[in-house]
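Trainee: For reference, the file my_file-v7.pdb (PDB, C-alpha atoms and all ligand atoms) is included below:
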```
ATOM      1  CA  MET A  62      51.773  78.488 112.535  1.00  0.00           C
ATOM      2  CA  GLY A  63      48.022  78.533 112.183  1.00  0.00           C
ATOM      3  CA  TYR A  64      45.184  76.694 113.861  1.00  0.00           C
ATOM      4  CA  VAL A  65      43.912  73.573 112.130  1.00  0.00           C
ATOM      5  CA  VAL A  66      40.291  74.602 112.675  1.00  0.00           C
ATOM      6  CA  LYS A  67      38.781  78.044 113.219  1.00  0.00           C
ATOM      7  CA  ALA A  68      39.814  79.257 116.689  1.00  0.00           C
ATOM      8  CA  PRO A  69      36.878  79.935 119.007  1.00  0.00           C
ATOM      9  CA  PRO A  70      36.126  83.613 119.667  1.00  0.00           C
ATOM     10  CA  ILE A  71      36.753  85.160 123.078  1.00  0.00           C
ATOM     11  CA  VAL A  72      33.441  85.622 124.857  1.00  0.00           C
ATOM     12  CA  GLY A  73      32.935  89.253 125.901  1.00  0.00           C
ATOM     13  CA  VAL A  74      30.480  90.842 128.360  1.00  0.00           C
ATOM     14  CA  PRO A  75      29.664  94.564 127.907  1.00  0.00           C
ATOM     15  CA  VAL A  76      31.060  96.869 130.580  1.00  0.00           C
ATOM     16  CA  HIS A  77      28.496  99.448 131.705  1.00  0.00           C
ATOM     17  CA  GLY A  78      29.135 102.994 130.579  1.00  0.00           C
ATOM     18  CA  THR A  79      31.844 101.988 128.076  1.00  0.00           C
ATOM     19  CA  SER A  80      32.103 100.387 124.657  1.00  0.00           C
ATOM     20  CA  ASP A  81      34.508  97.819 126.077  1.00  0.00           C
ATOM     21  CA  LEU A  82      34.036  94.142 126.816  1.00  0.00           C
ATOM     22  CA  PHE A  83      35.068  92.005 129.774  1.00  0.00           C
ATOM     23  CA  PRO A  84      36.786  88.888 128.308  1.00  0.00           C
ATOM     24  CA  VAL A  85      35.500  85.675 129.873  1.00  0.00           C
ATOM     25  CA  ARG A  86      38.054  83.015 130.757  1.00  0.00           C
ATOM     26  CA  ARG A  87      36.114  80.586 132.976  1.00  0.00           C
ATOM     27  CA  ILE A  88      32.781  80.522 134.805  1.00  0.00           C
ATOM     28  CA  PHE A  89      32.712  79.203 138.355  1.00  0.00           C
ATOM     29  CA  CYS A  90      29.443  78.843 140.260  1.00  0.00           C
ATOM     30  CA  VAL A  91      28.882  78.476 143.998  1.00  0.00           C
ATOM     31  CA  GLY A  92      26.315  75.934 145.176  1.00  0.00           C
ATOM     32  CA  ARG A  93      23.896  76.593 148.065  1.00  0.00           C
ATOM     33  CA  ASN A  94      25.110  79.994 149.190  1.00  0.00           C
ATOM     34  CA  TYR A  95      21.841  81.312 150.670  1.00  0.00           C
ATOM     35  CA  ALA A  96      20.438  79.417 153.670  1.00  0.00           C
ATOM     36  CA  ALA A  97      16.811  79.545 152.502  1.00  0.00           C
ATOM     37  CA  HIS A  98      17.752  78.067 149.121  1.00  0.00           C
ATOM     38  CA  ALA A  99      19.868  75.330 150.740  1.00  0.00           C
ATOM     39  CA  ARG A 100      16.814  74.438 152.848  1.00  0.00           C
ATOM     40  CA  GLU A 101      14.444  74.404 149.871  1.00  0.00           C
ATOM     41  CA  MET A 102      16.830  71.944 148.182  1.00  0.00           C
ATOM     42  CA  GLY A 103      16.771  69.696 151.269  1.00  0.00           C
ATOM     43  CA  HIS A 104      20.119  70.597 152.865  1.00  0.00           C
ATOM     44  CA  ASP A 105      21.337  71.979 156.171  1.00  0.00           C
ATOM     45  CA  PRO A 106      22.869  75.381 155.457  1.00  0.00           C
ATOM     46  CA  ASP A 107      24.947  75.600 158.645  1.00  0.00           C
ATOM     47  CA  ARG A 108      28.206  76.769 157.103  1.00  0.00           C
ATOM     48  CA  GLU A 109      28.999  73.675 155.135  1.00  0.00           C
ATOM     49  CA  PRO A 110      32.157  74.582 153.220  1.00  0.00           C
ATOM     50  CA  PRO A 111      31.300  76.190 149.868  1.00  0.00           C
ATOM     51  CA  PHE A 112      31.381  73.947 146.815  1.00  0.00           C
ATOM     52  CA  PHE A 113      31.778  74.843 143.178  1.00  0.00           C
ATOM     53  CA  PHE A 114      30.922  73.740 139.688  1.00  0.00           C
ATOM     54  CA  SER A 115      31.707  75.238 136.289  1.00  0.00           C
ATOM     55  CA  LYS A 116      30.090  76.287 133.064  1.00  0.00           C
ATOM     56  CA  PRO A 117      31.950  76.751 129.794  1.00  0.00           C
ATOM     57  CA  ALA A 118      32.704  80.388 128.892  1.00  0.00           C
ATOM     58  CA  ASP A 119      30.537  80.156 125.799  1.00  0.00           C
ATOM     59  CA  ALA A 120      27.473  79.366 127.925  1.00  0.00           C
ATOM     60  CA  ILE A 121      27.265  83.165 128.332  1.00  0.00           C
ATOM     61  CA  VAL A 122      24.309  84.920 126.694  1.00  0.00           C
ATOM     62  CA  ILE A 123      24.218  88.719 126.855  1.00  0.00           C
ATOM     63  CA  CYS A 124      20.821  89.754 128.270  1.00  0.00           C
ATOM     64  CA  ALA A 125      21.515  93.358 129.248  1.00  0.00           C
ATOM     65  CA  ASP A 126      18.492  95.237 127.825  1.00  0.00           C
ATOM     66  CA  PRO A 127      15.366  95.072 130.007  1.00  0.00           C
ATOM     67  CA  ARG A 128      13.277  96.765 127.263  1.00  0.00           C
ATOM     68  CA  ASN A 129      14.283  94.093 124.781  1.00  0.00           C
ATOM     69  CA  PRO A 130      14.748  90.739 126.556  1.00  0.00           C
ATOM     70  CA  THR A 131      17.139  88.412 124.760  1.00  0.00           C
ATOM     71  CA  ARG A 132      15.300  85.528 123.125  1.00  0.00           C
ATOM     72  CA  ILE A 133      16.776  82.187 124.188  1.00  0.00           C
ATOM     73  CA  PRO A 134      15.632  78.817 122.824  1.00  0.00           C
ATOM     74  CA  TYR A 135      14.281  76.505 125.545  1.00  0.00           C
ATOM     75  CA  PRO A 136      17.130  73.993 125.932  1.00  0.00           C
ATOM     76  CA  PRO A 137      16.921  70.368 124.816  1.00  0.00           C
ATOM     77  CA  ALA A 138      16.734  67.264 127.004  1.00  0.00           C
ATOM     78  CA  THR A 139      14.833  68.797 129.921  1.00  0.00           C
ATOM     79  CA  ARG A 140      11.288  69.171 131.180  1.00  0.00           C
ATOM     80  CA  ASN A 141      12.303  71.132 134.263  1.00  0.00           C
ATOM     81  CA  LEU A 142      14.443  74.159 133.415  1.00  0.00           C
ATOM     82  CA  HIS A 143      14.977  76.254 136.577  1.00  0.00           C
ATOM     83  CA  HIS A 144      16.065  79.860 137.044  1.00  0.00           C
ATOM     84  CA  GLU A 145      18.695  80.762 139.651  1.00  0.00           C
ATOM     85  CA  MET A 146      19.188  84.524 140.020  1.00  0.00           C
ATOM     86  CA  GLU A 147      22.750  85.418 141.088  1.00  0.00           C
ATOM     87  CA  LEU A 148      25.254  88.203 141.705  1.00  0.00           C
ATOM     88  CA  VAL A 149      28.213  87.709 139.363  1.00  0.00           C
ATOM     89  CA  VAL A 150      31.781  88.677 140.290  1.00  0.00           C
ATOM     90  CA  ALA A 151      34.220  89.557 137.481  1.00  0.00           C
ATOM     91  CA  MET A 152      37.924  89.066 138.249  1.00  0.00           C
ATOM     92  CA  LYS A 153      40.631  91.420 136.959  1.00  0.00           C
ATOM     93  CA  SER A 154      43.469  89.353 138.426  1.00  0.00           C
ATOM     94  CA  GLY A 155      43.825  86.280 140.539  1.00  0.00           C
ATOM     95  CA  GLY A 156      46.257  83.859 142.082  1.00  0.00           C
ATOM     96  CA  ALA A 157      46.274  80.934 144.453  1.00  0.00           C
ATOM     97  CA  GLU A 158      45.577  80.954 148.196  1.00  0.00           C
ATOM     98  CA  ILE A 159      44.282  84.534 148.169  1.00  0.00           C
ATOM     99  CA  PRO A 160      43.663  85.752 151.743  1.00  0.00           C
ATOM    100  CA  VAL A 161      40.127  86.963 152.509  1.00  0.00           C
ATOM    101  CA  ASP A 162      41.366  90.485 153.271  1.00  0.00           C
ATOM    102  CA  LYS A 163      43.097  90.728 149.856  1.00  0.00           C
ATOM    103  CA  ALA A 164      40.352  89.081 147.796  1.00  0.00           C
ATOM    104  CA  LEU A 165      38.450  92.202 146.740  1.00  0.00           C
ATOM    105  CA  GLU A 166      41.626  93.729 145.255  1.00  0.00           C
ATOM    106  CA  HIS A 167      41.249  91.169 142.455  1.00  0.00           C
ATOM    107  CA  VAL A 168      37.676  92.129 141.502  1.00  0.00           C
ATOM    108  CA  PHE A 169      37.091  94.165 138.336  1.00  0.00           C
ATOM    109  CA  GLY A 170      33.370  94.557 138.834  1.00  0.00           C
ATOM    110  CA  TYR A 171      29.968  93.018 139.386  1.00  0.00           C
ATOM    111  CA  GLY A 172      26.981  92.032 137.320  1.00  0.00           C
ATOM    112  CA  VAL A 173      23.883  89.892 137.497  1.00  0.00           C
ATOM    113  CA  GLY A 174      23.318  86.540 135.892  1.00  0.00           C
ATOM    114  CA  LEU A 175      21.114  83.484 135.755  1.00  0.00           C
ATOM    115  CA  ASP A 176      22.534  80.055 136.580  1.00  0.00           C
ATOM    116  CA  MET A 177      20.021  78.232 134.392  1.00  0.00           C
ATOM    117  CA  THR A 178      19.678  74.629 135.476  1.00  0.00           C
ATOM    118  CA  ARG A 179      18.182  71.530 133.880  1.00  0.00           C
ATOM    119  CA  ARG A 180      16.945  70.440 137.318  1.00  0.00           C
ATOM    120  CA  ASP A 181      15.772  67.034 136.167  1.00  0.00           C
ATOM    121  CA  LEU A 182      19.223  66.182 134.772  1.00  0.00           C
ATOM    122  CA  GLN A 183      20.949  67.637 137.837  1.00  0.00           C
ATOM    123  CA  ASN A 184      18.746  65.600 140.209  1.00  0.00           C
ATOM    124  CA  GLN A 185      19.338  62.436 138.183  1.00  0.00           C
ATOM    125  CA  ALA A 186      23.105  63.091 138.369  1.00  0.00           C
ATOM    126  CA  LYS A 187      22.887  63.628 142.144  1.00  0.00           C
ATOM    127  CA  ASP A 188      20.941  60.378 142.569  1.00  0.00           C
ATOM    128  CA  MET A 189      23.465  58.418 140.527  1.00  0.00           C
ATOM    129  CA  GLY A 190      26.593  60.080 141.954  1.00  0.00           C
ATOM    130  CA  ARG A 191      27.439  61.474 138.525  1.00  0.00           C
ATOM    131  CA  PRO A 192      28.797  64.906 137.511  1.00  0.00           C
ATOM    132  CA  TRP A 193      26.427  67.884 137.253  1.00  0.00           C
ATOM    133  CA  ASP A 194      27.833  69.192 133.972  1.00  0.00           C
ATOM    134  CA  MET A 195      24.877  68.320 131.754  1.00  0.00           C
ATOM    135  CA  GLY A 196      22.458  69.786 134.298  1.00  0.00           C
ATOM    136  CA  LYS A 197      24.414  73.016 134.699  1.00  0.00           C
ATOM    137  CA  GLY A 198      26.904  73.611 131.895  1.00  0.00           C
ATOM    138  CA  PHE A 199      24.755  73.314 128.783  1.00  0.00           C
ATOM    139  CA  ASP A 200      24.576  75.760 125.861  1.00  0.00           C
ATOM    140  CA  GLN A 201      23.302  79.247 126.765  1.00  0.00           C
ATOM    141  CA  SER A 202      23.009  78.299 130.446  1.00  0.00           C
ATOM    142  CA  ALA A 203      24.596  81.545 131.684  1.00  0.00           C
ATOM    143  CA  PRO A 204      22.534  84.640 130.790  1.00  0.00           C
ATOM    144  CA  ILE A 205      24.224  87.800 132.064  1.00  0.00           C
ATOM    145  CA  GLY A 206      23.751  91.593 132.041  1.00  0.00           C
ATOM    146  CA  GLU A 207      26.462  94.232 131.912  1.00  0.00           C
ATOM    147  CA  ILE A 208      29.510  94.303 134.189  1.00  0.00           C
ATOM    148  CA  TYR A 209      29.644  97.332 136.507  1.00  0.00           C
ATOM    149  CA  PRO A 210      33.225  98.300 137.381  1.00  0.00           C
ATOM    150  CA  VAL A 211      34.166  98.614 141.048  1.00  0.00           C
ATOM    151  CA  ALA A 212      34.895 102.289 140.346  1.00  0.00           C
ATOM    152  CA  GLN A 213      31.134 102.718 139.738  1.00  0.00           C
ATOM    153  CA  VAL A 214      29.558 100.350 142.286  1.00  0.00           C
ATOM    154  CA  GLY A 215      32.189  99.636 144.916  1.00  0.00           C
ATOM    155  CA  HIS A 216      31.868  96.190 146.492  1.00  0.00           C
ATOM    156  CA  PRO A 217      28.179  95.569 147.190  1.00  0.00           C
ATOM    157  CA  ALA A 218      27.724  93.497 150.353  1.00  0.00           C
ATOM    158  CA  LYS A 219      24.078  94.419 150.903  1.00  0.00           C
ATOM    159  CA  GLY A 220      21.221  95.211 148.532  1.00  0.00           C
ATOM    160  CA  THR A 221      18.201  93.575 146.976  1.00  0.00           C
ATOM    161  CA  ILE A 222      18.609  90.633 144.616  1.00  0.00           C
ATOM    162  CA  GLN A 223      15.352  89.906 142.792  1.00  0.00           C
ATOM    163  CA  LEU A 224      13.976  87.937 139.870  1.00  0.00           C
ATOM    164  CA  ASP A 225      10.536  88.426 138.339  1.00  0.00           C
ATOM    165  CA  VAL A 226       8.977  86.011 135.862  1.00  0.00           C
ATOM    166  CA  ASN A 227       6.250  87.518 133.663  1.00  0.00           C
ATOM    167  CA  GLY A 228       6.084  90.443 136.074  1.00  0.00           C
ATOM    168  CA  LYS A 229       5.602  88.335 139.226  1.00  0.00           C
ATOM    169  CA  THR A 230       8.387  88.183 141.803  1.00  0.00           C
ATOM    170  CA  ARG A 231       9.787  84.664 142.160  1.00  0.00           C
ATOM    171  CA  GLN A 232      13.071  85.246 143.990  1.00  0.00           C
ATOM    172  CA  LYS A 233      13.851  88.101 146.385  1.00  0.00           C
ATOM    173  CA  SER A 234      16.565  88.346 148.998  1.00  0.00           C
ATOM    174  CA  ASP A 235      19.478  90.519 150.052  1.00  0.00           C
ATOM    175  CA  LEU A 236      23.180  90.116 149.298  1.00  0.00           C
ATOM    176  CA  GLY A 237      23.695  90.294 153.062  1.00  0.00           C
ATOM    177  CA  ALA A 238      22.126  86.812 153.248  1.00  0.00           C
ATOM    178  CA  LEU A 239      25.009  85.159 151.375  1.00  0.00           C
ATOM    179  CA  ILE A 240      26.395  82.368 153.570  1.00  0.00           C
ATOM    180  CA  TRP A 241      29.883  82.836 152.113  1.00  0.00           C
ATOM    181  CA  SER A 242      30.605  86.476 151.291  1.00  0.00           C
ATOM    182  CA  VAL A 243      32.286  87.448 148.028  1.00  0.00           C
ATOM    183  CA  PRO A 244      35.774  87.781 149.593  1.00  0.00           C
ATOM    184  CA  GLU A 245      35.353  84.481 151.455  1.00  0.00           C
ATOM    185  CA  THR A 246      34.201  82.781 148.249  1.00  0.00           C
ATOM    186  CA  ILE A 247      37.163  84.118 146.232  1.00  0.00           C
ATOM    187  CA  SER A 248      39.591  83.085 148.957  1.00  0.00           C
ATOM    188  CA  TYR A 249      38.143  79.587 149.246  1.00  0.00           C
ATOM    189  CA  LEU A 250      37.971  79.045 145.460  1.00  0.00           C
ATOM    190  CA  SER A 251      41.577  80.229 145.061  1.00  0.00           C
ATOM    191  CA  GLY A 252      42.596  77.362 147.320  1.00  0.00           C
ATOM    192  CA  LEU A 253      41.180  74.941 144.752  1.00  0.00           C
ATOM    193  CA  VAL A 254      42.245  76.578 141.472  1.00  0.00           C
ATOM    194  CA  THR A 255      44.510  79.470 140.529  1.00  0.00           C
ATOM    195  CA  LEU A 256      42.125  82.301 139.699  1.00  0.00           C
ATOM    196  CA  ALA A 257      42.903  84.648 136.824  1.00  0.00           C
ATOM    197  CA  ALA A 258      41.734  87.746 134.984  1.00  0.00           C
ATOM    198  CA  GLY A 259      38.578  86.991 133.046  1.00  0.00           C
ATOM    199  CA  ASP A 260      37.149  84.520 135.525  1.00  0.00           C
ATOM    200  CA  LEU A 261      33.503  85.003 136.466  1.00  0.00           C
ATOM    201  CA  ILE A 262      32.007  83.727 139.710  1.00  0.00           C
ATOM    202  CA  TYR A 263      28.241  83.172 139.910  1.00  0.00           C
ATOM    203  CA  SER A 264      27.857  83.564 143.672  1.00  0.00           C
ATOM    204  CA  GLY A 265      24.775  81.437 144.378  1.00  0.00           C
ATOM    205  CA  THR A 266      21.012  81.885 144.353  1.00  0.00           C
ATOM    206  CA  PRO A 267      18.430  82.787 146.984  1.00  0.00           C
ATOM    207  CA  ASP A 268      15.299  80.703 147.528  1.00  0.00           C
ATOM    208  CA  GLY A 269      12.385  80.702 145.125  1.00  0.00           C
ATOM    209  CA  VAL A 270      13.953  78.724 142.282  1.00  0.00           C
ATOM    210  CA  ALA A 271      11.259  77.337 140.011  1.00  0.00           C
ATOM    211  CA  ALA A 272      10.506  76.066 136.538  1.00  0.00           C
ATOM    212  CA  VAL A 273      10.594  78.175 133.386  1.00  0.00           C
ATOM    213  CA  ILE A 274       8.381  77.355 130.410  1.00  0.00           C
ATOM    214  CA  LYS A 275       8.385  78.545 126.815  1.00  0.00           C
ATOM    215  CA  GLY A 276       7.064  82.083 126.598  1.00  0.00           C
ATOM    216  CA  ASP A 277       8.281  83.105 130.064  1.00  0.00           C
ATOM    217  CA  THR A 278      10.119  86.406 130.391  1.00  0.00           C
ATOM    218  CA  LEU A 279      12.691  86.545 133.181  1.00  0.00           C
ATOM    219  CA  SER A 280      13.770  89.908 134.512  1.00  0.00           C
ATOM    220  CA  GLY A 281      16.207  90.245 137.389  1.00  0.00           C
ATOM    221  CA  PHE A 282      18.332  92.830 139.120  1.00  0.00           C
ATOM    222  CA  VAL A 283      20.739  93.399 141.970  1.00  0.00           C
ATOM    223  CA  ASP A 284      20.807  96.905 143.448  1.00  0.00           C
ATOM    224  CA  GLY A 285      23.501  98.879 141.616  1.00  0.00           C
ATOM    225  CA  CYS A 286      24.663  95.937 139.506  1.00  0.00           C
ATOM    226  CA  GLY A 287      22.254  96.152 136.586  1.00  0.00           C
ATOM    227  CA  THR A 288      19.689  93.805 135.135  1.00  0.00           C
ATOM    228  CA  VAL A 289      19.352  90.526 133.272  1.00  0.00           C
ATOM    229  CA  SER A 290      16.349  89.981 130.978  1.00  0.00           C
ATOM    230  CA  CYS A 291      15.457  87.124 128.677  1.00  0.00           C
ATOM    231  CA  THR A 292      12.509  85.349 127.109  1.00  0.00           C
ATOM    232  CA  TYR A 293      12.435  81.581 126.510  1.00  0.00           C
ATOM    233  CA  ILE A 294      11.098  80.644 123.094  1.00  0.00           C
TER     234      ILE A 294
HETATM  235 MN    MN B   1      23.359  78.568 141.234  1.00  0.00          MN
END
```
For this file, write the structure as structure tokens.
Ligand code: MN
Mentor:
Amino acid sequence: MGYVVKAPPIVGVPVHGTSDLFPVRRIFCVGRNYAAHAREMGHDPDREPPFFFSKPADAIVICADPRNPTRIPYPPATRNLHHEMELVVAMKSGGAEIPVDKALEHVFGYGVGLDMTRRDLQNQAKDMGRPWDMGKGFDQSAPIGEIYPVAQVGHPAKGTIQLDVNGKTRQKSDLGALIWSVPETISYLSGLVTLAAGDLIYSGTPDGVAAVIKGDTLSGFVDGCGTVSCTYI
């Protein structure tokens, strides 16, 4: 039996130091996972339970070459596109109700990504009690660099996370400032959905989110986890 229309391709993210790809199944994102960012968005960061939203797998854009930033069209329907620089966790296995002390056994590796956000549409959705999908899960809303296997980088719990725009630093923090650590996030999320190989988790952004305009070049890194670089055209 065949498919009645052309089957969509599997989205793949390059794995550092190999010619292999990490196959993307789903993209989960954590909201407000750095206290300073929660405050800048008008919320009290005192260990509210983590919350999650999703992007479609094909929102991924590979942006792994800092010498040649990937050119991304400025998205439609927004006048306030924001950058959110994030550590990305790539799952090699999963399950439901994963205990915190077993969570890291399910991680294939780590990378860096941008949770690009049409802030005006997201804020309108918040005001009206509507879903965030069109503010968060639009086309090409998930730029990402390479995935670094755990064998190469271990499980980074500290280290600089930084985003520069046109050479000026906009976001800078440390992974140690995550409100919910990676294992806590995996454990919590696995109580809501059954995680599986191929899932990516964008772990939340530090403070300093701001608008991107056409012509801006975004260049971010997390210590040991590579870079993400793109230019909006
Ligand atoms: Mn985010």
Trainee: List all protein, DNA and RNA residues that have at least one atom no more than 10 Å from any atom of ligand MN 1 (chain B), counting all atoms listed in the file, and write them as a PDB file with C-alpha atoms, keeping the file's coordinate frame.
Mentor:
```
ATOM      1  CA  PHE A  89      32.712  79.203 138.355  1.00  0.00           C
ATOM      2  CA  CYS A  90      29.443  78.843 140.260  1.00  0.00           C
ATOM      3  CA  VAL A  91      28.882  78.476 143.998  1.00  0.00           C
ATOM      4  CA  GLY A  92      26.315  75.934 145.176  1.00  0.00           C
ATOM      5  CA  ARG A  93      23.896  76.593 148.065  1.00  0.00           C
ATOM      6  CA  ASN A  94      25.110  79.994 149.190  1.00  0.00           C
ATOM      7  CA  TYR A  95      21.841  81.312 150.670  1.00  0.00           C
ATOM      8  CA  HIS A  98      17.752  78.067 149.121  1.00  0.00           C
ATOM      9  CA  PHE A 113      31.778  74.843 143.178  1.00  0.00           C
ATOM     10  CA  PHE A 114      30.922  73.740 139.688  1.00  0.00           C
ATOM     11  CA  HIS A 143      14.977  76.254 136.577  1.00  0.00           C
ATOM     12  CA  HIS A 144      16.065  79.860 137.044  1.00  0.00           C
ATOM     13  CA  GLU A 145      18.695  80.762 139.651  1.00  0.00           C
ATOM     14  CA  MET A 146      19.188  84.524 140.020  1.00  0.00           C
ATOM     15  CA  GLU A 147      22.750  85.418 141.088  1.00  0.00           C
ATOM     16  CA  LEU A 148      25.254  88.203 141.705  1.00  0.00           C
ATOM     17  CA  GLY A 174      23.318  86.540 135.892  1.00  0.00           C
ATOM     18  CA  LEU A 175      21.114  83.484 135.755  1.00  0.00           C
ATOM     19  CA  ASP A 176      22.534  80.055 136.580  1.00  0.00           C
ATOM     20  CA  MET A 177      20.021  78.232 134.392  1.00  0.00           C
ATOM     21  CA  THR A 178      19.678  74.629 135.476  1.00  0.00           C
ATOM     22  CA  LYS A 197      24.414  73.016 134.699  1.00  0.00           C
ATOM     23  CA  TYR A 263      28.241  83.172 139.910  1.00  0.00           C
ATOM     24  CA  SER A 264      27.857  83.564 143.672  1.00  0.00           C
ATOM     25  CA  GLY A 265      24.775  81.437 144.378  1.00  0.00           C
ATOM     26  CA  THR A 266      21.012  81.885 144.353  1.00  0.00           C
ATOM     27  CA  PRO A 267      18.430  82.787 146.984  1.00  0.00           C
ATOM     28  CA  VAL A 270      13.953  78.724 142.282  1.00  0.00           C
TER      29      VAL A 270
END
```
Trainee: Given the PyMOL selection byres (((chain A and resi 201-203) around 10) and not hetatm) and the file above, list the residues it selects as a count of residues only.
Mentor: 31
Trainee: Selection in question (the file shown): the PyMOL selection byres (((chain A and resi 237) around 6) and not hetatm). Which residues does it include, as a list in words?
Mentor: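 For this structure, the PyMOL selection byres (((chain A and resi 237) around 6) and not hetatm) captures Ala218, Lys219, Asp235, Leu236, Ala238 and Leu239 of chain A.
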Trainee: For the residues in the current selection, export C-alpha atoms as a PDB file, in the coordinates of the input.
Mentor:
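Once written, selection-v6.pdb looks like this:
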```pdb
ATOM      1  CA  ALA A 218      27.724  93.497 150.353  1.00  0.00           C
ATOM      2  CA  LYS A 219      24.078  94.419 150.903  1.00  0.00           C
ATOM      3  CA  ASP A 235      19.478  90.519 150.052  1.00  0.00           C
ATOM      4  CA  LEU A 236      23.180  90.116 149.298  1.00  0.00           C
ATOM      5  CA  ALA A 238      22.126  86.812 153.248  1.00  0.00           C
ATOM      6  CA  LEU A 239      25.009  85.159 151.375  1.00  0.00           C
TER       7      LEU A 239
END
```
Trainee: Between A:Pro160, A:Gly103, A:Pro137, A:Pro192, which residue has the minimum interatomic distance to Glu245 (chain A), considering all atoms listed in the file?
Mentor: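 Among A:Pro160, A:Gly103, A:Pro137, A:Pro192, it is A:Pro160 that comes nearest to Glu245 (chain A).
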Trainee: Quick one, how far is CA of Ala212 (chain A) from CA of Trp241 (chain A)?
Mentor: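 Distance reported for this atom pair: 23.3 Å.
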Trainee: When you count only C-alpha atoms, which of these residues is closest to Ala164 (chain A): A:Ala68, A:Met152, A:Met102, A:Met195?
Mentor: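 Of A:Ala68, A:Met152, A:Met102, A:Met195, the one nearest Ala164 (chain A), counting only C-alpha atoms, is A:Met152.
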